[in-house]
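Engineer: upload_28.csv (CSV, N, CA and C atoms) pasted underneath:
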```csv
chain,number,residue,atom,x,y,z
A,226,GLN,N,-38.0,-23.9,-75.4
A,226,GLN,CA,-36.7,-24.0,-74.6
A,226,GLN,C,-37.0,-23.8,-73.1
A,227,GLY,N,-37.9,-23.0,-72.8
A,227,GLY,CA,-38.1,-22.7,-71.3
A,227,GLY,C,-37.6,-21.4,-70.9
A,228,VAL,N,-37.9,-21.1,-69.7
A,228,VAL,CA,-37.5,-19.8,-69.1
A,228,VAL,C,-36.0,-19.9,-68.7
A,229,PRO,N,-35.2,-18.9,-69.0
A,229,PRO,CA,-33.8,-18.9,-68.6
A,229,PRO,C,-33.7,-18.9,-67.1
A,230,TYR,N,-32.7,-19.6,-66.6
A,230,TYR,CA,-32.4,-19.7,-65.2
A,230,TYR,C,-33.4,-20.4,-64.4
A,231,TYR,N,-34.3,-21.1,-65.1
A,231,TYR,CA,-35.3,-21.9,-64.4
A,231,TYR,C,-34.8,-23.3,-64.1
A,232,ASN,N,-34.7,-23.6,-62.8
A,232,ASN,CA,-34.1,-24.9,-62.4
A,232,ASN,C,-35.2,-25.9,-62.0
A,233,GLY,N,-36.4,-25.7,-62.3
A,233,GLY,CA,-37.5,-26.7,-62.1
A,233,GLY,C,-38.2,-26.5,-60.7
A,234,ALA,N,-37.7,-25.6,-59.9
A,234,ALA,CA,-38.3,-25.4,-58.6
A,234,ALA,C,-39.5,-24.5,-58.7
A,235,GLN,N,-40.4,-24.7,-57.8
A,235,GLN,CA,-41.6,-23.8,-57.7
A,235,GLN,C,-41.3,-22.4,-57.4
A,236,PRO,N,-42.0,-21.4,-58.0
A,236,PRO,CA,-41.8,-20.0,-57.7
A,236,PRO,C,-41.9,-19.8,-56.2
A,237,GLN,N,-41.1,-19.1,-55.6
A,237,GLN,CA,-41.1,-18.8,-54.1
A,237,GLN,C,-42.1,-17.7,-53.8
A,238,ALA,N,-42.9,-17.9,-52.8
A,238,ALA,CA,-43.9,-16.9,-52.4
A,238,ALA,C,-43.1,-15.8,-51.7
A,239,ASP,N,-43.7,-14.6,-51.7
A,239,ASP,CA,-43.1,-13.5,-51.1
A,239,ASP,C,-43.2,-13.6,-49.6
A,240,GLN,N,-42.1,-13.8,-48.9
A,240,GLN,CA,-42.1,-14.0,-47.5
A,240,GLN,C,-42.5,-12.8,-46.7
A,241,PHE,N,-42.6,-11.6,-47.3
A,241,PHE,CA,-43.0,-10.4,-46.6
A,241,PHE,C,-44.5,-10.1,-46.8
A,242,ASP,N,-45.2,-10.9,-47.6
A,242,ASP,CA,-46.7,-10.6,-47.8
A,242,ASP,C,-47.4,-11.7,-47.0
A,243,HIS,N,-48.1,-11.3,-45.9
A,243,HIS,CA,-48.8,-12.2,-45.1
A,243,HIS,C,-50.3,-12.2,-45.3
A,244,THR,N,-50.8,-11.7,-46.5
A,244,THR,CA,-52.2,-11.6,-46.8
A,244,THR,C,-52.9,-12.9,-46.7
A,245,SER,N,-52.2,-14.0,-47.2
A,245,SER,CA,-52.9,-15.3,-47.3
A,245,SER,C,-53.1,-15.9,-45.9
A,246,GLU,N,-52.5,-15.3,-44.8
A,246,GLU,CA,-52.7,-15.9,-43.5
A,246,GLU,C,-54.0,-15.4,-42.8
A,247,PHE,N,-54.7,-14.5,-43.5
A,247,PHE,CA,-55.9,-13.9,-42.9
A,247,PHE,C,-57.1,-14.3,-43.7
A,248,ASP,N,-58.2,-14.5,-43.0
A,248,ASP,CA,-59.5,-14.8,-43.6
A,248,ASP,C,-60.0,-13.6,-44.4
A,249,GLU,N,-60.6,-13.9,-45.5
A,249,GLU,CA,-61.1,-12.8,-46.3
A,249,GLU,C,-62.2,-11.9,-45.6
A,250,LYS,N,-63.0,-12.6,-44.8
A,250,LYS,CA,-64.0,-11.9,-44.1
A,250,LYS,C,-63.4,-11.0,-43.0
A,251,ASP,N,-62.4,-11.5,-42.4
A,251,ASP,CA,-61.6,-10.6,-41.4
A,251,ASP,C,-61.0,-9.4,-42.0
A,252,ILE,N,-60.5,-9.6,-43.2
A,252,ILE,CA,-59.9,-8.4,-43.9
A,252,ILE,C,-61.0,-7.4,-44.3
A,253,ALA,N,-62.1,-7.9,-44.9
A,253,ALA,CA,-63.2,-7.1,-45.3
A,253,ALA,C,-63.8,-6.3,-44.1
A,254,ASP,N,-64.0,-7.0,-43.0
A,254,ASP,CA,-64.6,-6.4,-41.8
A,254,ASP,C,-63.7,-5.3,-41.1
A,255,ASN,N,-62.4,-5.5,-41.2
A,255,ASN,CA,-61.5,-4.6,-40.5
A,255,ASN,C,-60.6,-3.7,-41.3
A,256,LYS,N,-60.8,-3.7,-42.6
A,256,LYS,CA,-60.0,-2.9,-43.5
A,256,LYS,C,-60.0,-1.4,-43.2
A,257,LEU,N,-61.2,-0.9,-42.9
A,257,LEU,CA,-61.4,0.6,-42.6
A,257,LEU,C,-60.6,1.0,-41.4
A,258,ILE,N,-60.7,0.2,-40.3
A,258,ILE,CA,-60.0,0.5,-39.1
A,258,ILE,C,-58.5,0.4,-39.3
A,259,ALA,N,-58.0,-0.6,-40.1
A,259,ALA,CA,-56.6,-0.8,-40.4
A,259,ALA,C,-56.1,0.5,-41.2
A,260,MET,N,-56.9,1.0,-42.1
A,260,MET,CA,-56.5,2.2,-42.8
A,260,MET,C,-56.3,3.4,-41.8
A,261,LEU,N,-57.2,3.5,-40.8
A,261,LEU,CA,-57.1,4.6,-39.8
A,261,LEU,C,-55.7,4.5,-39.1
A,262,ILE,N,-55.2,3.4,-38.9
A,262,ILE,CA,-53.9,3.2,-38.2
A,262,ILE,C,-52.8,4.0,-39.0
A,263,TYR,N,-52.8,3.9,-40.3
A,263,TYR,CA,-51.8,4.5,-41.2
A,263,TYR,C,-52.1,6.0,-41.4
A,264,LEU,N,-53.4,6.3,-41.4
A,264,LEU,CA,-53.7,7.7,-41.6
A,264,LEU,C,-53.5,8.6,-40.4
A,265,LEU,N,-53.9,8.1,-39.2
A,265,LEU,CA,-53.9,8.9,-38.0
A,265,LEU,C,-52.8,8.6,-37.1
A,266,GLY,N,-51.9,7.7,-37.4
A,266,GLY,CA,-50.8,7.4,-36.5
A,266,GLY,C,-51.2,6.9,-35.1
A,267,ILE,N,-50.7,7.5,-34.1
A,267,ILE,CA,-51.0,7.0,-32.7
A,267,ILE,C,-52.5,7.1,-32.4
A,268,ILE,N,-53.2,8.0,-32.9
A,268,ILE,CA,-54.7,8.1,-32.7
A,268,ILE,C,-55.3,6.9,-33.3
A,269,GLY,N,-54.9,6.6,-34.5
A,269,GLY,CA,-55.5,5.4,-35.2
A,269,GLY,C,-55.2,4.1,-34.5
A,270,ILE,N,-54.0,4.0,-33.9
A,270,ILE,CA,-53.7,2.8,-33.1
A,270,ILE,C,-54.6,2.7,-31.9
A,271,VAL,N,-54.8,3.8,-31.2
A,271,VAL,CA,-55.7,3.8,-30.0
A,271,VAL,C,-57.1,3.4,-30.4
A,272,VAL,N,-57.6,4.0,-31.5
A,272,VAL,CA,-58.9,3.6,-32.0
A,272,VAL,C,-59.0,2.1,-32.4
A,273,ALA,N,-58.0,1.6,-33.0
A,273,ALA,CA,-57.9,0.2,-33.3
A,273,ALA,C,-57.9,-0.7,-32.1
A,274,PHE,N,-57.2,-0.2,-31.1
A,274,PHE,CA,-57.2,-1.0,-29.8
A,274,PHE,C,-58.6,-1.0,-29.2
A,275,LEU,N,-59.3,0.1,-29.3
A,275,LEU,CA,-60.6,0.1,-28.7
A,275,LEU,C,-61.6,-0.7,-29.4
A,276,VAL,N,-61.4,-0.9,-30.7
A,276,VAL,CA,-62.4,-1.6,-31.6
A,276,VAL,C,-61.9,-3.0,-31.8
A,277,LYS,N,-60.8,-3.4,-31.5
A,277,LYS,CA,-60.0,-4.6,-31.8
A,277,LYS,C,-60.9,-5.8,-32.2
A,278,LYS,N,-61.8,-6.3,-31.5
A,278,LYS,CA,-62.7,-7.4,-31.8
A,278,LYS,C,-61.9,-8.7,-32.1
A,279,GLU,N,-60.8,-8.9,-31.5
A,279,GLU,CA,-60.0,-10.2,-31.7
A,279,GLU,C,-59.8,-10.5,-33.1
A,280,SER,N,-59.3,-9.5,-33.9
A,280,SER,CA,-59.1,-9.7,-35.3
A,280,SER,C,-57.6,-9.9,-35.6
A,281,PRO,N,-57.2,-11.0,-36.1
A,281,PRO,CA,-55.7,-11.2,-36.4
A,281,PRO,C,-55.2,-10.2,-37.4
A,282,TYR,N,-56.1,-9.9,-38.4
A,282,TYR,CA,-55.7,-8.9,-39.4
A,282,TYR,C,-55.5,-7.5,-38.8
A,283,LEU,N,-56.4,-7.1,-37.9
A,283,LEU,CA,-56.2,-5.8,-37.2
A,283,LEU,C,-55.0,-5.8,-36.3
A,284,ASN,N,-54.8,-6.9,-35.6
A,284,ASN,CA,-53.7,-7.0,-34.7
A,284,ASN,C,-52.4,-6.9,-35.5
A,285,PHE,N,-52.3,-7.5,-36.7
A,285,PHE,CA,-51.1,-7.3,-37.5
A,285,PHE,C,-50.8,-5.9,-37.9
A,286,HIS,N,-51.9,-5.1,-38.3
A,286,HIS,CA,-51.7,-3.7,-38.6
A,286,HIS,C,-51.4,-2.9,-37.4
A,287,ILE,N,-52.0,-3.2,-36.3
A,287,ILE,CA,-51.6,-2.5,-35.1
A,287,ILE,C,-50.1,-2.6,-34.8
A,288,ARG,N,-49.6,-3.8,-34.9
A,288,ARG,CA,-48.1,-4.0,-34.7
A,288,ARG,C,-47.3,-3.2,-35.7
A,289,GLN,N,-47.8,-3.2,-37.0
A,289,GLN,CA,-47.1,-2.4,-38.0
A,289,GLN,C,-47.1,-0.9,-37.7
A,290,GLY,N,-48.3,-0.4,-37.3
A,290,GLY,CA,-48.5,1.0,-36.9
A,290,GLY,C,-47.6,1.4,-35.7
A,291,ILE,N,-47.5,0.5,-34.7
A,291,ILE,CA,-46.6,0.8,-33.6
A,291,ILE,C,-45.2,0.9,-34.1
A,292,LYS,N,-44.8,0.1,-35.0
A,292,LYS,CA,-43.4,0.2,-35.6
A,292,LYS,C,-43.2,1.6,-36.2
A,293,PHE,N,-44.1,2.0,-36.9
A,293,PHE,CA,-44.0,3.4,-37.6
A,293,PHE,C,-43.9,4.4,-36.5
A,294,VAL,N,-44.7,4.4,-35.5
A,294,VAL,CA,-44.6,5.4,-34.4
A,294,VAL,C,-43.3,5.4,-33.7
A,295,ILE,N,-42.8,4.2,-33.4
A,295,ILE,CA,-41.5,4.1,-32.7
A,295,ILE,C,-40.4,4.6,-33.5
A,296,ILE,N,-40.3,4.3,-34.8
A,296,ILE,CA,-39.2,4.8,-35.7
A,296,ILE,C,-39.4,6.3,-35.9
A,297,GLU,N,-40.6,6.8,-36.0
A,297,GLU,CA,-40.8,8.2,-36.2
A,297,GLU,C,-40.4,9.0,-35.0
A,298,THR,N,-40.7,8.5,-33.8
A,298,THR,CA,-40.3,9.1,-32.5
A,298,THR,C,-38.8,9.1,-32.4
A,299,LEU,N,-38.2,8.0,-32.6
A,299,LEU,CA,-36.7,7.9,-32.5
A,299,LEU,C,-36.0,8.9,-33.4
A,300,ALA,N,-36.5,8.9,-34.7
A,300,ALA,CA,-35.9,9.8,-35.7
A,300,ALA,C,-36.1,11.2,-35.3
A,301,SER,N,-37.3,11.6,-34.8
A,301,SER,CA,-37.5,13.0,-34.4
A,301,SER,C,-36.7,13.4,-33.2
A,302,LEU,N,-36.5,12.5,-32.2
A,302,LEU,CA,-35.7,12.8,-31.1
A,302,LEU,C,-34.2,12.9,-31.5
A,303,ALA,N,-33.7,12.1,-32.3
A,303,ALA,CA,-32.3,12.2,-32.7
A,303,ALA,C,-32.1,13.5,-33.5
A,304,THR,N,-33.1,13.8,-34.4
A,304,THR,CA,-32.9,15.1,-35.1
A,304,THR,C,-33.0,16.3,-34.2
A,305,ALA,N,-33.9,16.3,-33.2
A,305,ALA,CA,-34.0,17.4,-32.2
A,305,ALA,C,-32.7,17.5,-31.4
A,306,LEU,N,-32.2,16.3,-30.9
A,306,LEU,CA,-31.0,16.4,-30.1
A,306,LEU,C,-29.7,16.8,-30.8
A,307,LEU,N,-29.7,16.5,-32.1
A,307,LEU,CA,-28.5,16.9,-32.9
A,307,LEU,C,-28.8,18.1,-33.8
A,308,CYS,N,-29.8,18.9,-33.4
A,308,CYS,CA,-30.2,20.1,-34.3
A,308,CYS,C,-29.1,21.1,-34.4
A,309,TRP,N,-28.1,21.1,-33.5
A,309,TRP,CA,-27.0,22.1,-33.5
A,309,TRP,C,-26.0,21.7,-34.7
A,310,THR,N,-26.1,20.5,-35.2
A,310,THR,CA,-25.2,20.2,-36.3
A,310,THR,C,-25.8,20.6,-37.6
A,311,CYS,N,-25.1,20.7,-38.6
A,311,CYS,CA,-25.7,21.1,-39.9
A,311,CYS,C,-26.3,19.9,-40.7
A,312,ILE,N,-25.8,18.8,-40.5
A,312,ILE,CA,-26.3,17.6,-41.3
A,312,ILE,C,-27.5,16.9,-40.7
A,313,ALA,N,-27.5,16.8,-39.4
A,313,ALA,CA,-28.6,16.0,-38.7
A,313,ALA,C,-30.0,16.5,-39.1
A,314,PRO,N,-30.3,17.7,-39.1
A,314,PRO,CA,-31.7,18.1,-39.4
A,314,PRO,C,-32.0,17.8,-40.9
A,315,VAL,N,-31.1,17.9,-41.8
A,315,VAL,CA,-31.3,17.5,-43.2
A,315,VAL,C,-31.5,16.0,-43.3
A,316,VAL,N,-30.7,15.2,-42.7
A,316,VAL,CA,-30.8,13.8,-42.8
A,316,VAL,C,-32.1,13.4,-42.1
A,317,GLY,N,-32.4,13.9,-40.9
A,317,GLY,CA,-33.7,13.6,-40.2
A,317,GLY,C,-34.9,14.0,-41.1
A,318,GLY,N,-34.8,15.1,-41.7
A,318,GLY,CA,-36.0,15.5,-42.6
A,318,GLY,C,-36.2,14.6,-43.8
A,319,VAL,N,-35.1,14.2,-44.4
A,319,VAL,CA,-35.1,13.2,-45.5
A,319,VAL,C,-35.7,11.9,-45.0
A,320,PHE,N,-35.2,11.4,-43.9
A,320,PHE,CA,-35.6,10.1,-43.3
A,320,PHE,C,-37.1,10.2,-43.0
A,321,LEU,N,-37.5,11.2,-42.3
A,321,LEU,CA,-38.9,11.3,-41.9
A,321,LEU,C,-39.8,11.4,-43.2
A,322,THR,N,-39.4,12.1,-44.2
A,322,THR,CA,-40.1,12.1,-45.5
A,322,THR,C,-40.2,10.8,-46.1
A,323,ALA,N,-39.1,10.0,-46.1
A,323,ALA,CA,-39.1,8.7,-46.7
A,323,ALA,C,-40.1,7.8,-45.8
A,324,LEU,N,-40.0,7.9,-44.5
A,324,LEU,CA,-40.9,7.2,-43.7
A,324,LEU,C,-42.4,7.5,-44.0
A,325,ALA,N,-42.7,8.7,-44.2
A,325,ALA,CA,-44.1,9.1,-44.6
A,325,ALA,C,-44.5,8.5,-45.9
A,326,VAL,N,-43.6,8.4,-46.9
A,326,VAL,CA,-43.9,7.8,-48.2
A,326,VAL,C,-44.2,6.3,-48.0
A,327,VAL,N,-43.4,5.6,-47.1
A,327,VAL,CA,-43.6,4.2,-46.8
A,327,VAL,C,-44.9,4.0,-46.1
A,328,GLN,N,-45.3,4.9,-45.3
A,328,GLN,CA,-46.6,4.8,-44.6
A,328,GLN,C,-47.7,5.0,-45.6
A,329,ILE,N,-47.6,5.9,-46.5
A,329,ILE,CA,-48.6,6.0,-47.5
A,329,ILE,C,-48.7,4.8,-48.4
A,330,ILE,N,-47.6,4.2,-48.7
A,330,ILE,CA,-47.6,2.9,-49.5
A,330,ILE,C,-48.3,1.8,-48.7
A,331,ALA,N,-48.0,1.8,-47.4
A,331,ALA,CA,-48.7,0.8,-46.5
A,331,ALA,C,-50.2,1.0,-46.5
A,332,PHE,N,-50.6,2.3,-46.4
A,332,PHE,CA,-52.0,2.7,-46.4
A,332,PHE,C,-52.7,2.1,-47.7
A,333,PHE,N,-52.1,2.3,-48.9
A,333,PHE,CA,-52.7,1.8,-50.1
A,333,PHE,C,-52.7,0.3,-50.2
A,334,ASP,N,-51.7,-0.3,-49.6
A,334,ASP,CA,-51.8,-1.8,-49.5
A,334,ASP,C,-53.0,-2.3,-48.7
A,335,VAL,N,-53.2,-1.6,-47.6
A,335,VAL,CA,-54.4,-1.9,-46.8
A,335,VAL,C,-55.7,-1.7,-47.6
A,336,CYS,N,-55.7,-0.6,-48.4
A,336,CYS,CA,-56.9,-0.3,-49.2
A,336,CYS,C,-57.2,-1.5,-50.2
A,337,ASN,N,-56.1,-2.2,-50.6
A,337,ASN,CA,-56.2,-3.3,-51.5
A,337,ASN,C,-56.4,-4.6,-50.7
A,338,GLY,N,-56.5,-4.6,-49.4
A,338,GLY,CA,-56.7,-5.8,-48.6
A,338,GLY,C,-55.4,-6.6,-48.4
A,339,LYS,N,-54.3,-6.0,-48.5
A,339,LYS,CA,-53.0,-6.8,-48.3
A,339,LYS,C,-52.5,-6.6,-46.9
A,340,ALA,N,-51.5,-7.4,-46.6
A,340,ALA,CA,-50.9,-7.3,-45.2
A,340,ALA,C,-49.4,-7.5,-45.4
A,341,PRO,N,-48.7,-6.6,-46.0
A,341,PRO,CA,-47.2,-6.8,-46.2
A,341,PRO,C,-46.5,-6.3,-44.9
A,342,ILE,N,-45.4,-6.9,-44.7
A,342,ILE,CA,-44.5,-6.4,-43.6
A,342,ILE,C,-43.5,-5.4,-44.3
A,343,VAL,N,-43.4,-4.3,-43.6
A,343,VAL,CA,-42.4,-3.3,-44.1
A,343,VAL,C,-41.0,-3.8,-43.8
A,344,ARG,N,-40.3,-4.1,-44.9
A,344,ARG,CA,-39.1,-4.8,-44.8
A,344,ARG,C,-38.0,-4.1,-44.0
A,345,SER,N,-38.0,-2.8,-44.1
A,345,SER,CA,-36.9,-2.0,-43.4
A,345,SER,C,-37.1,-2.0,-41.9
A,346,PHE,N,-38.2,-2.4,-41.4
A,346,PHE,CA,-38.5,-2.5,-40.0
A,346,PHE,C,-38.4,-3.9,-39.4
A,347,LYS,N,-37.7,-4.8,-40.2
A,347,LYS,CA,-37.7,-6.2,-39.8
A,347,LYS,C,-37.1,-6.4,-38.4
A,348,PHE,N,-36.1,-5.5,-38.0
A,348,PHE,CA,-35.5,-5.7,-36.7
A,348,PHE,C,-36.4,-5.4,-35.6
A,349,LEU,N,-37.6,-4.9,-35.8
A,349,LEU,CA,-38.6,-4.7,-34.7
A,349,LEU,C,-39.5,-5.9,-34.6
A,350,ASP,N,-39.4,-6.9,-35.5
A,350,ASP,CA,-40.4,-8.0,-35.4
A,350,ASP,C,-40.2,-8.8,-34.2
```
Please re-express this file's structure in structure tokens.

Structural biologist:
Amino acid sequence: QGVPYYNGAQPQADQFDHTSEFDEKDIADNKLIAMLIYLLGIIGIVVAFLVKKESPYLNFHIRQGIKFVIIETLASLATALLCWTCIAPVVGGVFLTALAVVQIIAFFDVCNGKAPIVRSFKFLD
């Protein structure tokens, strides 16, 4: 009978996974430095800038790392500025914890040689 809801169209590729855009050798050569971006934050970004070597894969992860740093900084500033309220420190703490979890997931994606875009940061693209 076939698969339910199948209309004959080809399965759509994940628009947020850009792994196929990069050369396998580029991924293999720069995977370790890309992991440092997610492990060390701003220090990892600086190291990646110094080692860059004109790698599209590394440039992609540098941009992703900068997004994490910007969001983390803005959330920390908002939490610090609104610390006199009762709810802002709690919401800020939960948000920063969720951000750390997303960063850990991104780290493991790099370990697997993938290049996904963090969907919740799409407005920074």

Engineer: Give me, please, the distance in Å between CA of Phe332 in chain A and CA of Leu264 in chain A, quoted to one decimal.

Structural biologist: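 Those two atoms sit 7.1 Å apart.
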
Engineer: Near range 281-296 of chain A, counting only C-alpha atoms, which residues have an atom at most 8 Å away, once you skip same-chain residues fewer than 3 positions from it, shown as JSON, numbers by chain?

Structural biologist: {"A": [247, 251, 252, 255, 256, 258, 259, 262, 263, 266, 267, 270, 273, 274, 277, 299, 300, 324, 328, 340, 342, 343, 346, 349]}

Engineer: Keeping only N, CA and C atoms, write those residues as a PDB file, in the frame of the given file.

Structural biologist:
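After the write, selection_6.pdb holds the following:
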```pdb
ATOM      1  N   PHE A 247     -54.700 -14.500 -43.500  1.00  0.00           N
ATOM      2  CA  PHE A 247     -55.900 -13.900 -42.900  1.00  0.00           C
ATOM      3  C   PHE A 247     -57.100 -14.300 -43.700  1.00  0.00           C
ATOM      4  N   ASP A 251     -62.400 -11.500 -42.400  1.00  0.00           N
ATOM      5  CA  ASP A 251     -61.600 -10.600 -41.400  1.00  0.00           C
ATOM      6  C   ASP A 251     -61.000  -9.400 -42.000  1.00  0.00           C
ATOM      7  N   ILE A 252     -60.500  -9.600 -43.200  1.00  0.00           N
ATOM      8  CA  ILE A 252     -59.900  -8.400 -43.900  1.00  0.00           C
ATOM      9  C   ILE A 252     -61.000  -7.400 -44.300  1.00  0.00           C
ATOM     10  N   ASN A 255     -62.400  -5.500 -41.200  1.00  0.00           N
ATOM     11  CA  ASN A 255     -61.500  -4.600 -40.500  1.00  0.00           C
ATOM     12  C   ASN A 255     -60.600  -3.700 -41.300  1.00  0.00           C
ATOM     13  N   LYS A 256     -60.800  -3.700 -42.600  1.00  0.00           N
ATOM     14  CA  LYS A 256     -60.000  -2.900 -43.500  1.00  0.00           C
ATOM     15  C   LYS A 256     -60.000  -1.400 -43.200  1.00  0.00           C
ATOM     16  N   ILE A 258     -60.700   0.200 -40.300  1.00  0.00           N
ATOM     17  CA  ILE A 258     -60.000   0.500 -39.100  1.00  0.00           C
ATOM     18  C   ILE A 258     -58.500   0.400 -39.300  1.00  0.00           C
ATOM     19  N   ALA A 259     -58.000  -0.600 -40.100  1.00  0.00           N
ATOM     20  CA  ALA A 259     -56.600  -0.800 -40.400  1.00  0.00           C
ATOM     21  C   ALA A 259     -56.100   0.500 -41.200  1.00  0.00           C
ATOM     22  N   ILE A 262     -55.200   3.400 -38.900  1.00  0.00           N
ATOM     23  CA  ILE A 262     -53.900   3.200 -38.200  1.00  0.00           C
ATOM     24  C   ILE A 262     -52.800   4.000 -39.000  1.00  0.00           C
ATOM     25  N   TYR A 263     -52.800   3.900 -40.300  1.00  0.00           N
ATOM     26  CA  TYR A 263     -51.800   4.500 -41.200  1.00  0.00           C
ATOM     27  C   TYR A 263     -52.100   6.000 -41.400  1.00  0.00           C
ATOM     28  N   GLY A 266     -51.900   7.700 -37.400  1.00  0.00           N
ATOM     29  CA  GLY A 266     -50.800   7.400 -36.500  1.00  0.00           C
ATOM     30  C   GLY A 266     -51.200   6.900 -35.100  1.00  0.00           C
ATOM     31  N   ILE A 267     -50.700   7.500 -34.100  1.00  0.00           N
ATOM     32  CA  ILE A 267     -51.000   7.000 -32.700  1.00  0.00           C
ATOM     33  C   ILE A 267     -52.500   7.100 -32.400  1.00  0.00           C
ATOM     34  N   ILE A 270     -54.000   4.000 -33.900  1.00  0.00           N
ATOM     35  CA  ILE A 270     -53.700   2.800 -33.100  1.00  0.00           C
ATOM     36  C   ILE A 270     -54.600   2.700 -31.900  1.00  0.00           C
ATOM     37  N   ALA A 273     -58.000   1.600 -33.000  1.00  0.00           N
ATOM     38  CA  ALA A 273     -57.900   0.200 -33.300  1.00  0.00           C
ATOM     39  C   ALA A 273     -57.900  -0.700 -32.100  1.00  0.00           C
ATOM     40  N   PHE A 274     -57.200  -0.200 -31.100  1.00  0.00           N
ATOM     41  CA  PHE A 274     -57.200  -1.000 -29.800  1.00  0.00           C
ATOM     42  C   PHE A 274     -58.600  -1.000 -29.200  1.00  0.00           C
ATOM     43  N   LYS A 277     -60.800  -3.400 -31.500  1.00  0.00           N
ATOM     44  CA  LYS A 277     -60.000  -4.600 -31.800  1.00  0.00           C
ATOM     45  C   LYS A 277     -60.900  -5.800 -32.200  1.00  0.00           C
ATOM     46  N   LEU A 299     -38.200   8.000 -32.600  1.00  0.00           N
ATOM     47  CA  LEU A 299     -36.700   7.900 -32.500  1.00  0.00           C
ATOM     48  C   LEU A 299     -36.000   8.900 -33.400  1.00  0.00           C
ATOM     49  N   ALA A 300     -36.500   8.900 -34.700  1.00  0.00           N
ATOM     50  CA  ALA A 300     -35.900   9.800 -35.700  1.00  0.00           C
ATOM     51  C   ALA A 300     -36.100  11.200 -35.300  1.00  0.00           C
ATOM     52  N   LEU A 324     -40.000   7.900 -44.500  1.00  0.00           N
ATOM     53  CA  LEU A 324     -40.900   7.200 -43.700  1.00  0.00           C
ATOM     54  C   LEU A 324     -42.400   7.500 -44.000  1.00  0.00           C
ATOM     55  N   GLN A 328     -45.300   4.900 -45.300  1.00  0.00           N
ATOM     56  CA  GLN A 328     -46.600   4.800 -44.600  1.00  0.00           C
ATOM     57  C   GLN A 328     -47.700   5.000 -45.600  1.00  0.00           C
ATOM     58  N   ALA A 340     -51.500  -7.400 -46.600  1.00  0.00           N
ATOM     59  CA  ALA A 340     -50.900  -7.300 -45.200  1.00  0.00           C
ATOM     60  C   ALA A 340     -49.400  -7.500 -45.400  1.00  0.00           C
ATOM     61  N   ILE A 342     -45.400  -6.900 -44.700  1.00  0.00           N
ATOM     62  CA  ILE A 342     -44.500  -6.400 -43.600  1.00  0.00           C
ATOM     63  C   ILE A 342     -43.500  -5.400 -44.300  1.00  0.00           C
ATOM     64  N   VAL A 343     -43.400  -4.300 -43.600  1.00  0.00           N
ATOM     65  CA  VAL A 343     -42.400  -3.300 -44.100  1.00  0.00           C
ATOM     66  C   VAL A 343     -41.000  -3.800 -43.800  1.00  0.00           C
ATOM     67  N   PHE A 346     -38.200  -2.400 -41.400  1.00  0.00           N
ATOM     68  CA  PHE A 346     -38.500  -2.500 -40.000  1.00  0.00           C
ATOM     69  C   PHE A 346     -38.400  -3.900 -39.400  1.00  0.00           C
ATOM     70  N   LEU A 349     -37.600  -4.900 -35.800  1.00  0.00           N
ATOM     71  CA  LEU A 349     -38.600  -4.700 -34.700  1.00  0.00           C
ATOM     72  C   LEU A 349     -39.500  -5.900 -34.600  1.00  0.00           C
TER      73      LEU A 349
END
```

Engineer: Could you please determine the separation between CA of Val272 in chain A and CA of Gly317 in chain A in Å, to one decimal place?

Structural biologist: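 Interatomic distance here is 28.3 Å.
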
Engineer: Work out how far apart CA of Ser280 in chain A and CA of Val326 in chain A are and give it in Å to one decimal.

Structural biologist: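 About the pair CA of Ser280 in chain A and CA of Val326 in chain A: they are 26.5 Å apart.
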
Engineer: Just the alpha helix (DSSP H) stuff from range 277-339 of chain A, please, per backbone DSSP, written as a ChimeraX atom specification.

Structural biologist: /A:281-306,312-336
